[in-house]
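One file, protein09.csv, is given below (CSV, C-alpha atoms).
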chain,number,residue,atom,x,y,z
A,170,CYS,CA,90.0,111.5,94.1
A,171,SER,CA,89.6,109.6,90.8
A,172,GLY,CA,92.1,106.8,90.1
A,173,SER,CA,92.1,105.5,93.7
A,174,LEU,CA,91.1,102.2,95.3
A,175,GLN,CA,91.1,100.6,98.6
A,176,ALA,CA,90.2,96.9,99.4
A,177,ASN,CA,90.8,94.1,101.8
A,178,PHE,CA,92.9,91.2,100.5
A,179,VAL,CA,94.0,87.7,101.2
A,180,GLU,CA,97.3,86.7,99.6
A,181,THR,CA,98.2,83.0,99.1
A,182,LEU,CA,101.8,82.1,98.1
A,183,SER,CA,102.6,78.6,96.9
A,184,SER,CA,105.5,76.9,95.3
A,185,PRO,CA,105.9,73.5,93.7
A,186,GLY,CA,106.1,71.0,96.5
A,187,GLY,CA,105.8,73.7,99.2
A,188,MET,CA,103.1,74.5,101.8
A,189,PRO,CA,100.9,77.5,100.9
A,190,HIS,CA,101.5,80.6,103.0
A,191,THR,CA,98.5,83.0,103.5
A,192,ARG,CA,98.6,86.6,104.6
A,193,LYS,CA,95.8,89.2,104.9
A,194,GLY,CA,95.5,92.9,105.0
A,195,LYS,CA,94.4,96.1,103.4
A,196,VAL,CA,95.6,97.7,100.2
A,197,TYR,CA,95.4,101.2,98.8
A,198,PHE,CA,96.2,102.4,95.3
A,199,LYS,CA,96.4,105.9,93.9
A,200,LYS,CA,97.4,106.9,90.4
A,201,VAL,CA,100.0,107.2,89.4
A,202,GLY,CA,102.4,104.8,90.9
A,203,ARG,CA,101.4,104.9,94.5
A,204,MET,CA,100.3,101.9,96.6
A,205,ARG,CA,100.3,100.7,100.2
A,206,TRP,CA,99.9,97.1,101.3
A,207,GLY,CA,99.4,96.6,105.0
A,208,PHE,CA,99.8,93.0,106.2
A,209,ALA,CA,98.1,91.9,109.4
A,210,ALA,CA,99.5,89.7,112.2
A,211,PRO,CA,101.1,87.3,112.3
A,212,SER,CA,103.1,88.4,109.2
A,213,GLN,CA,103.0,92.1,109.9
A,214,GLY,CA,104.6,94.3,107.4
A,215,THR,CA,104.1,97.1,104.9
A,216,VAL,CA,104.9,97.7,101.3
A,217,VAL,CA,104.6,101.3,100.2
A,218,SER,CA,105.3,103.0,96.8
A,219,ASP,CA,105.4,106.8,96.8
A,220,GLY,CA,105.8,106.9,93.1
A,221,LYS,CA,109.6,107.1,93.2
A,222,THR,CA,110.6,104.4,95.7
A,223,VAL,CA,109.1,101.1,96.8
A,224,TYR,CA,109.7,100.3,100.5
A,225,ASP,CA,109.1,96.7,101.7
A,226,TYR,CA,109.1,96.5,105.5
A,227,GLU,CA,109.1,93.2,107.4
A,228,GLN,CA,108.3,94.0,111.1
A,229,ASP,CA,109.7,90.7,112.6
A,230,LEU,CA,113.0,91.2,110.9
A,231,ASN,CA,112.9,95.1,111.4
A,232,GLN,CA,114.2,95.3,107.8
A,233,VAL,CA,113.3,97.6,105.0
A,234,VAL,CA,114.1,96.7,101.4
A,235,GLU,CA,114.3,100.0,99.4
A,236,LEU,CA,114.0,99.8,95.6
A,237,PRO,CA,113.6,102.5,93.0
A,238,VAL,CA,110.2,102.2,91.2
A,239,SER,CA,112.1,102.1,87.9
A,240,LYS,CA,113.8,98.8,89.1
A,241,ALA,CA,110.6,97.4,90.5
A,242,LEU,CA,109.0,98.1,87.1
A,243,LYS,CA,111.2,95.5,85.5
A,244,SER,CA,108.5,93.1,86.6
A,245,SER,CA,105.5,93.6,84.3
A,246,ALA,CA,103.2,92.5,87.2
A,247,THR,CA,104.5,95.3,89.4
A,248,ALA,CA,104.0,97.8,86.5
A,249,PHE,CA,100.5,96.6,86.1
A,250,LEU,CA,99.6,96.8,89.8
A,251,LEU,CA,101.1,100.4,90.0
A,252,GLY,CA,99.0,101.5,87.0
A,253,LEU,CA,102.1,102.2,85.0
A,254,GLY,CA,101.8,99.3,82.6
A,255,ASN,CA,100.1,99.3,79.2
A,256,ILE,CA,98.0,96.2,78.6
A,257,ARG,CA,97.9,96.5,74.8
A,258,ARG,CA,101.6,97.3,74.5
A,259,ASP,CA,103.0,95.0,77.2
A,260,PHE,CA,100.8,91.9,77.2
A,261,LYS,CA,99.1,89.3,75.1
A,262,ALA,CA,95.5,88.9,76.4
A,263,ALA,CA,93.6,85.6,76.1
A,264,LEU,CA,90.6,84.0,77.7
A,265,PRO,CA,91.1,80.8,79.7
A,266,ALA,CA,90.5,77.5,77.9
A,267,ALA,CA,87.8,76.4,80.3
A,268,PRO,CA,85.3,78.6,82.3
A,269,SER,CA,86.2,79.0,86.0
A,270,GLY,CA,82.7,78.6,87.4
A,271,ASP,CA,83.2,81.4,89.9
A,272,GLY,CA,81.0,83.9,88.1
A,273,LEU,CA,83.9,86.2,87.3
A,274,THR,CA,85.2,87.2,83.9
A,275,HIS,CA,88.7,85.8,83.6
A,276,VAL,CA,91.5,87.2,81.4
A,277,ILE,CA,95.0,85.8,81.0
A,278,LEU,CA,97.8,88.3,80.5
A,279,THR,CA,101.1,87.0,79.2
A,280,PRO,CA,104.0,89.6,79.1
A,281,LYS,CA,105.2,90.1,75.5
A,282,GLY,CA,108.7,90.5,76.7
A,283,GLY,CA,108.6,87.2,78.7
A,284,GLY,CA,108.0,86.9,82.5
A,285,ASP,CA,105.3,85.9,84.9
A,286,THR,CA,101.7,85.2,83.6
A,287,MET,CA,98.8,87.0,85.3
A,288,GLU,CA,95.2,85.8,85.4
A,289,LEU,CA,92.6,88.4,86.4
A,290,GLY,CA,89.2,87.5,87.7
A,291,LEU,CA,87.0,90.6,87.0
A,292,ASP,CA,83.6,91.4,88.5
A,293,PRO,CA,81.4,91.2,85.3
A,294,LYS,CA,79.4,94.3,86.4
A,295,SER,CA,82.1,96.7,87.5
A,296,TYR,CA,85.2,95.1,86.0
A,297,ASP,CA,86.9,95.5,89.3
A,298,ILE,CA,89.7,93.0,89.8
A,299,VAL,CA,88.4,90.5,92.4
A,300,ASN,CA,91.1,87.9,91.9
A,301,PHE,CA,94.7,88.3,90.8
A,302,LYS,CA,96.8,85.3,90.1
A,303,LEU,CA,100.5,85.5,89.2
A,304,THR,CA,102.3,82.3,88.0
A,305,SER,CA,106.0,82.4,87.8
A,306,GLN,CA,108.0,80.7,85.1
A,307,ILE,CA,109.2,78.1,87.7
A,308,GLY,CA,105.7,77.3,88.9
A,309,GLY,CA,105.3,79.5,92.0
A,310,VAL,CA,101.8,81.1,92.4
A,311,THR,CA,100.8,84.3,94.1
A,312,GLU,CA,97.1,84.6,94.4
A,313,LEU,CA,95.3,87.7,95.7
A,314,LYS,CA,91.6,87.8,96.5
A,315,PHE,CA,90.1,91.3,97.0
A,316,SER,CA,87.0,92.2,98.9
A,317,ASP,CA,85.2,95.3,100.1
A,318,ILE,CA,86.5,97.1,97.0
A,319,GLN,CA,85.9,100.9,97.1
A,320,THR,CA,87.0,102.9,94.0
A,321,ASN,CA,87.5,106.7,93.7
A,322,VAL,CA,87.9,107.2,97.4
A,323,ALA,CA,89.7,110.1,98.9
A,324,LEU,CA,93.0,108.8,100.1
A,325,LYS,CA,95.5,111.0,101.9
A,326,ASP,CA,98.9,111.4,100.4
A,327,SER,CA,100.4,110.5,103.8
A,328,LEU,CA,99.3,106.9,103.2
A,329,PHE,CA,101.9,106.7,100.5
A,330,ARG,CA,104.8,108.1,102.5
A,331,PHE,CA,107.0,105.6,104.4
A,332,THR,CA,109.1,106.5,107.5
A,333,ILE,CA,111.9,104.0,108.2
A,334,PRO,CA,111.5,102.7,111.8
A,335,ASP,CA,114.2,103.4,114.3
A,336,GLY,CA,117.0,100.8,114.2
A,337,ALA,CA,115.7,99.1,111.0
A,338,ASP,CA,118.2,97.5,108.7
A,339,ILE,CA,118.0,99.1,105.2
A,340,VAL,CA,118.7,96.9,102.2
A,341,ARG,CA,119.2,98.5,98.8
A,342,PRO,CA,119.6,95.7,96.2
A,343,GLN,CA,122.4,96.3,93.7
A,344,GLU,CA,121.9,96.2,89.9
A,345,ASN,CA,122.5,92.7,88.5

Would you give me this structure, written as structure tokens?
Amino acid sequence: CSGSLQANFVETLSSPGGMPHTRKGKVYFKKVGRMRWGFAAPSQGTVVSDGKTVYDYEQDLNQVVELPVSKALKSSATAFLLGLGNIRRDFKAALPAAPSGDGLTHVILTPKGGGDTMELGLDPKSYDIVNFKLTSQIGGVTELKFSDIQTNVALKDSLFRFTIPDGADIVRPQEN
């Protein structure tokens, strides 16, 4: 059961000039390439990767966006979260210009190939990621705060399987 993690999270999405939007839930990761995000009401939904396909289900729309992991990996942040990225190879790491004052060890990861910048807030004792902040090139920010982090837990493979609900619309984005 090594290479697994479960935690509670709070996600805050904000865009320049827009109102922040917050969602909560529980997340599970299992190496390699498997994850499950469960979003609680009122924004109920699920994002599951079984290692081959990423399924993004929005309950209120009854819609599933289905994406091959290889396409999702075009985002270096997705590759990082799935444990499929390589920090040395894919990112330039730096420390923030000013200390954050939150007691965490912060590291800024800038993708060498261009893309969204990530800032990690690490627990200085365990090096667990407690904060994850993604800033897009147009100024949008996704911030995740993790709590009740448990590592190396036994997670059933069934957690990483997704069954498309009856009547759901299935969207498979085309290559650009």

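Taking only C-alpha atoms, the non-local environment of region 334-342 of chain A within 10 Å (same-chain residues fewer than 3 positions away omitted) comprises Tyr224, Asp225, Tyr226, Glu227, Gln228, Leu230, Asn231, Gln232, Val233, Val234, Glu235, Leu236, Pro237, Lys240, Phe331 and Asn345 of chain A.
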
**Request:** Could you tell me how far CA of Leu289 (chain A) lies from CA of Ala266 (chain A), in Å and to one decimal?
**Result:**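 Separation between CA of Leu289 (chain A) and CA of Ala266 (chain A): 14.0 Å.
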
**Message:** (102.5, 84.0, 70.9) in this file's frame - what residues fall within 9 Å of it? Use all atoms listed in the file and give the answer as a VMD selection string.
**Reply:** chain A and resid 261 279 281

Where does region 248-345 of chain A meet region 175-194 of chain A within 6 Å, residue by residue, with the nearest atom pair and distance in Å to one decimal for each, counting all atoms listed in the file, listed by chain and rising number, as JSON lines?
{"residue": "A:Gly309", "atom": "CA", "partner": "A:Ser184", "partner_atom": "CA", "distance": 4.2}
{"residue": "A:Val310", "atom": "CA", "partner": "A:Ser183", "partner_atom": "CA", "distance": 5.2}
{"residue": "A:Thr311", "atom": "CA", "partner": "A:Leu182", "partner_atom": "CA", "distance": 4.7}
{"residue": "A:Glu312", "atom": "CA", "partner": "A:Thr181", "partner_atom": "CA", "distance": 5.1}
{"residue": "A:Leu313", "atom": "CA", "partner": "A:Glu180", "partner_atom": "CA", "distance": 4.5}
{"residue": "A:Lys314", "atom": "CA", "partner": "A:Val179", "partner_atom": "CA", "distance": 5.3}
{"residue": "A:Phe315", "atom": "CA", "partner": "A:Phe178", "partner_atom": "CA", "distance": 4.5}
{"residue": "A:Ser316", "atom": "CA", "partner": "A:Asn177", "partner_atom": "CA", "distance": 5.1}
{"residue": "A:Asp317", "atom": "CA", "partner": "A:Ala176", "partner_atom": "CA", "distance": 5.3}
{"residue": "A:Ile318", "atom": "CA", "partner": "A:Ala176", "partner_atom": "CA", "distance": 4.4}
{"residue": "A:Gln319", "atom": "CA", "partner": "A:Gln175", "partner_atom": "CA", "distance": 5.4}

**Asked** Could you state the separation of CA of Asp271 (chain A) and CA of Gly290 (chain A) in Å, given to one decimal place?
**Response**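 We find that CA of Asp271 (chain A) and CA of Gly290 (chain A) lie 8.8 Å from each other.
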
**Message:** If we count only C-alpha atoms and set the cut-off at 10 Å, which residues sit around region 246-254 of chain A, ignoring sequence neighbours fewer than 5 positions away in its own chain? Please answer as a ChimeraX atom specification.
**Reply:** /A:172,198-204,218,220,238-241,259-260,278-280,284-287,301,303

**Message:** Taking all atoms listed in the file into account, name the residue in A:Arg205, A:Leu273, A:Asp326, A:Ser244 that is nearest to Val217 (chain A).
**Reply:**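 With all atoms listed in the file as the atom set, the closest residue is A:Arg205.
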
**Message:** Residues within 7 Å of Ile277 (chain A), please, as a PyMOL selection string. Count only C-alpha atoms; anything in the same chain fewer than 5 positions from it doesn't count.
**Reply:** chain A and resi 262-265+287-289

Write the residues you've just listed into a file as a CSV table (one decimal), in the frame of the given file, and include C-alpha atoms for each of them.
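After the write, out-v8.csv holds the following:
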chain,number,residue,atom,x,y,z
A,262,ALA,CA,95.5,88.9,76.4
A,263,ALA,CA,93.6,85.6,76.1
A,264,LEU,CA,90.6,84.0,77.7
A,265,PRO,CA,91.1,80.8,79.7
A,287,MET,CA,98.8,87.0,85.3
A,288,GLU,CA,95.2,85.8,85.4
A,289,LEU,CA,92.6,88.4,86.4

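Pairwise distance (CA of Lys195 (chain A), CA of Phe208 (chain A)) equals 6.8 Å.
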
**Prompt:** Which one is closest to Gly283 (chain A): A:Ser305, A:Ser295, A:Asn255, A:Thr320? Count all atoms listed in the file.
**Reply:**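 Under the stated criterion, the closest residue is A:Ser305.
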
**Item:** Nearest to Gly272 (chain A) by atom-to-atom distance, counting only C-alpha atoms, from A:Ile256, A:Leu291, A:Ile298, A:Leu328
**Value:**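 Selected residue with least distance to Gly272 (chain A): A:Leu291.
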